[in-house]
Amino acid sequence: MLKTTRQKTAAALLTILFAAAYISSAQSQIRGIVTDEAGQPLAAANVLLLNPADSSLVKGALAANDGTFVLGNVPPGKYLLASVMLGFRQEYTAPFTLDGAGAETDLGALVLKENAEQLGEVQVVAKKPLFEQKIDRLVVNVEGSITAAGSTALEVLERSPGVVVNRQNNVLTIAGKDGVVVMINGKINRMPPEAVVQLLEGMPASNVDKIELITTPPANFDAEGNAGYINIILKQSADRGLNGSYTFYGGFGRGEVASAAINFNYRKNRLNLYGDYSFGRWAQEQVFAIDRQVVLSGQTIRTDTRTERDPVQRNHEARLGLDLNLGPKTVLGFLLSSYDNRWSMDALNRSAISLNGVPDTLLTIDNDEVNQWRHLGANLNLQHTFQAGGQLVFDADLLRYTNENPTNYRITYADGSGGFLFGEQTFSGKSTPITVGVGKMDYTKRFSERVKMEAGIKGTLSRFDNDVTVARIVNGIPVNDPSLTAQYRLEENIEAAYAAFELKLDGKSDLKAGLRYEYTNSNLATAEQANIVDRQYGNFFPSVFLSRTFNDRHSANLSYSRRITRPTFNDMAPFVIFLDPYTFFSGNAALQPSISNSLKLDYRLGTTLFSIQYSVEDSAIARFQARTIEGTNQQLIAAENMKNRKTAAVTLALPLRVTKWWNMQNNFTGTWQEVNTFFDGDPVQVHTQNLQVVWINTFDMPAGFSAELLGFYQSKGLFGTTVALPMGGFNLGIQKKFRGNLGTLRFGIEDVLNSFKFRGESNFPEYNLVSKADFDFSQRTFKLTYTRSFGNNKLKDARQRATGSEEERQRVN
């Protein structure tokens, strides 16, 4: 009954939103005609509307058969128009100003002159700024960054404004908030956080076109993720015929790294076939150090652990897509995606346990581990455009994941002086198959140049199995520990509906408002115990965006959104995984979803971007929180609900042109955070301030050479109740572009000072929680990268689409 009532309420509210649309025909547009020197029209000539400040592309069009073109729905401001066509020289208009709503500018004839000396095809490259602020997201244009060459998508994320990657706990945060949902080409990777980090760590940055940071997502996005979305857009050519590019790189530090990638696009008549494949292998040493102490029966027990790890990450990733134009208004698309990512490690752990400063026990743990993720996904997409300006998009997705995670431990115990006591062998394993089905339908209707409506429905069915085994090897035979061995199944259904409107209030102001409703049904059980978790709940999620363009140099955006973070599957499953004799990872079936409300203001002054954001998250989920098991020296690590988390963040992106050959990009993010939680039933408050600085310098040099210097610094911050200590580093790169489309060669040095280390500490002696940890995941690495494109480069509009599982691939965990 509750479900039915909520669904009726949701339907009623969505109906009210639909009825709120009004029709207006006012528009701002630019028109003209492209001809040759004889006055003959040039059909299909490319017309590009540019920002005169930095030549960034605003929008583009193709000239009609009679050479005419119209660029509609253009906001007021100063612009520059360029036109180009194969066999002709590129021509520009003088800068001009477009006034308010309803204004029309007729540029007359753009005359293109033949290029008699042209030997190849004309390529149009509209240079984009590194950062672009849009009404609901910040866009980071990755392509062209020298230091990104030979890097991975995860490393590029680490350099993005406000983004922090916690490699130890496999957590991404934006502006101090975790709960980030990662999408690739608008498609969520519905996997555990550790698998998402593993995927991004194996994805070559050369495949990345841009990154979108969406901290206040609109209503057509799922409400999942309190920090918003990171959308990684991979390269896909829009050119006719066959074209693409390939990249390979190799490098070394304390171990070797290597990767190769290729992407292609074939477009002819009604068919567009595209795909990509990448392979990577990374094998670099890692060193961890953990020091913790507890007080037990009046004695101080200190455990000092040092771990030397030799990990190997091996990734295969591939996509293959096909779009068919069934008619002038209907497109049918298929997309297959797959990967096989295998992480393996040999590690030697040495732990020294002392009582009141006197050595008592020495442990040596020799362990090997494999964590392998495989995925196969299929998407069917149908898009139809109606005569009256409407568009209907249907998506169906089926996603399949498997995870195998076996680990062997060989443990030797010795007394404080090193005398052998005894040895034991332990095995732990986790087998996790996951199946996700998604159906989604979206309708878009533009009533006029002033009013646009979006509405849609979506259903998601998830099935998650988790088979956890812990066994001790006795006389060569594994004996399962029944208290740590179990099989779990989680079934979750999410139903959603939304409606949103984009309104052009006047020539300088835009409003985007939406409402989304989601109903969730989750059930977690084992063969022995049913309904460990059995929850049904529904929530409304409003979002509002208001933008104002004061003139061509000043604009502002104000936004509000409400979000939800559901517990990940593994975080809820009540298993216990053995790490060492004194440390265990555990699930928490009592975890509740968290709800956050966020308010954000963005302001642009020329090319400078400024934003301020404040959010309150109730029942915030903090992963990997350590607790000492009462009366023991054992530590249990699990996800927990905090009472709330309050976050305020200020971001400044300041580009500077030092000289005509030296450009500097300065990104500053300041964060204040307060965490309210409970230890042993007592209220505890922790707060801190954090500053993140990203400093990017690019240098243009003669003979096709250029260079880039990147610096990164982050002061201390919070991860749940753990304090993350300051860290920083520098990257350096130089590149050479060869003439005649012979490619680009780049040489780079990552972590030049070998200073990029993760350190954290907890200091709550009254709750027996005192620890320090250092994690050295990376080291100074030298990389050489070669990239080359192939095929033609005739500009052709590409079909832009995502899939129905855009919001599904993050919560596999």
# chains A, B, ... in the order shown; residues from 1 in each chain; ligands from 1
call {"tool": "residues_around", "arguments": {"residues": "segment 262-265 of chain A", "least_positions_apart": "5", "cutoff": "6 Å", "atoms": "only C-alpha atoms", "output": "list in words"}}
result
Ser237, Leu242, Asn243, Gly244, Ser245, Tyr246, Leu273, Tyr274, Gly275, Asp276 and Tyr277 of chain A
call {"tool": "residues_around", "arguments": {"residues": "Tyr413 of chain A", "least_positions_apart": "4", "cutoff": "8 Å", "atoms": "only C-alpha atoms", "output": "list in words"}}
result
Thr361, Leu362, Leu363, Thr364, Phe420, Leu421, Phe422 and Gly423 of chain A
call {"tool": "closest_residue", "arguments": {"among": "A:Thr632, A:Gln383, A:Ser615, A:Thr173", "to": "Ser561 of chain A", "atoms": "only C-alpha atoms"}}
result
A:Ser615
call {"tool": "residues_around", "arguments": {"residues": "Ser543 of chain A", "least_positions_apart": "6", "cutoff": "8 Å", "atoms": "only C-alpha atoms", "output": "PyMOL selection string"}}
result
chain A and resi 216-219+513-515+559-562
call {"tool": "closest_residue", "arguments": {"among": "A:Arg309, A:His384, A:Arg374, A:Lys716", "to": "Pro328 of chain A", "atoms": "only C-alpha atoms"}}
result
A:His384
call {"tool": "residues_around", "arguments": {"residues": "Leu591 of chain A", "least_positions_apart": "2", "cutoff": "8 Å", "atoms": "only C-alpha atoms", "output": "PDB file with N, CA and C atoms, in the first residue's frame"}}
result
ATOM      1  N   PRO A 567      24.090   1.753   0.325  1.00  0.00           N
ATOM      2  CA  PRO A 567      25.241   0.901   0.681  1.00  0.00           C
ATOM      3  C   PRO A 567      25.600  -0.006  -0.489  1.00  0.00           C
ATOM      4  N   ASP A 571      29.565  -4.026   1.061  1.00  0.00           N
ATOM      5  CA  ASP A 571      29.562  -3.355   2.356  1.00  0.00           C
ATOM      6  C   ASP A 571      28.455  -3.886   3.258  1.00  0.00           C
ATOM      7  N   MET A 572      27.346  -4.340   2.676  1.00  0.00           N
ATOM      8  CA  MET A 572      26.238  -4.853   3.480  1.00  0.00           C
ATOM      9  C   MET A 572      26.389  -6.326   3.822  1.00  0.00           C
ATOM     10  N   ASN A 588      28.700  -5.003   6.861  1.00  0.00           N
ATOM     11  CA  ASN A 588      27.867  -4.418   7.903  1.00  0.00           C
ATOM     12  C   ASN A 588      26.425  -4.390   7.404  1.00  0.00           C
ATOM     13  N   ALA A 589      25.635  -5.395   7.840  1.00  0.00           N
ATOM     14  CA  ALA A 589      24.259  -5.507   7.369  1.00  0.00           C
ATOM     15  C   ALA A 589      23.374  -4.388   7.885  1.00  0.00           C
ATOM     16  N   PRO A 593      21.049   3.746   3.861  1.00  0.00           N
ATOM     17  CA  PRO A 593      21.372   4.732   2.813  1.00  0.00           C
ATOM     18  C   PRO A 593      21.513   6.120   3.416  1.00  0.00           C
ATOM     19  N   ILE A 621      27.950   7.451   4.751  1.00  0.00           N
ATOM     20  CA  ILE A 621      28.623   6.153   4.794  1.00  0.00           C
ATOM     21  C   ILE A 621      30.123   6.370   4.643  1.00  0.00           C
ATOM     22  N   ALA A 639      32.580  -0.717   6.790  1.00  0.00           N
ATOM     23  CA  ALA A 639      31.870   0.527   6.495  1.00  0.00           C
ATOM     24  C   ALA A 639      30.897   0.832   7.630  1.00  0.00           C
ATOM     25  N   GLU A 640      30.715   2.126   7.916  1.00  0.00           N
ATOM     26  CA  GLU A 640      29.830   2.535   9.000  1.00  0.00           C
ATOM     27  C   GLU A 640      29.029   3.768   8.584  1.00  0.00           C
ATOM     28  N   ASN A 641      27.854   3.895   9.177  1.00  0.00           N
ATOM     29  CA  ASN A 641      27.092   5.137   9.052  1.00  0.00           C
ATOM     30  C   ASN A 641      27.558   6.129  10.103  1.00  0.00           C
TER      31      ASN A 641
END
call {"tool": "residues_around", "arguments": {"residues": "Glu37 of chain A", "least_positions_apart": "6", "cutoff": "9 Å", "atoms": "only C-alpha atoms", "output": "PyMOL selection string"}}
result
chain A and resi 111-114
call {"tool": "write_last_selection", "arguments": {"atoms": "C-alpha atoms", "output": "mmCIF file, in the first residue's frame"}}
result
data_model
loop_
_atom_site.group_PDB
_atom_site.id
_atom_site.type_symbol
_atom_site.label_atom_id
_atom_site.label_comp_id
_atom_site.auth_asym_id
_atom_site.auth_seq_id
_atom_site.Cartn_x
_atom_site.Cartn_y
_atom_site.Cartn_z
ATOM 1 C CA VAL A 111 33.763 33.588 -49.549
ATOM 2 C CA LEU A 112 36.211 30.669 -49.506
ATOM 3 C CA LYS A 113 39.288 30.785 -51.708
ATOM 4 C CA GLU A 114 40.665 27.685 -53.368
#
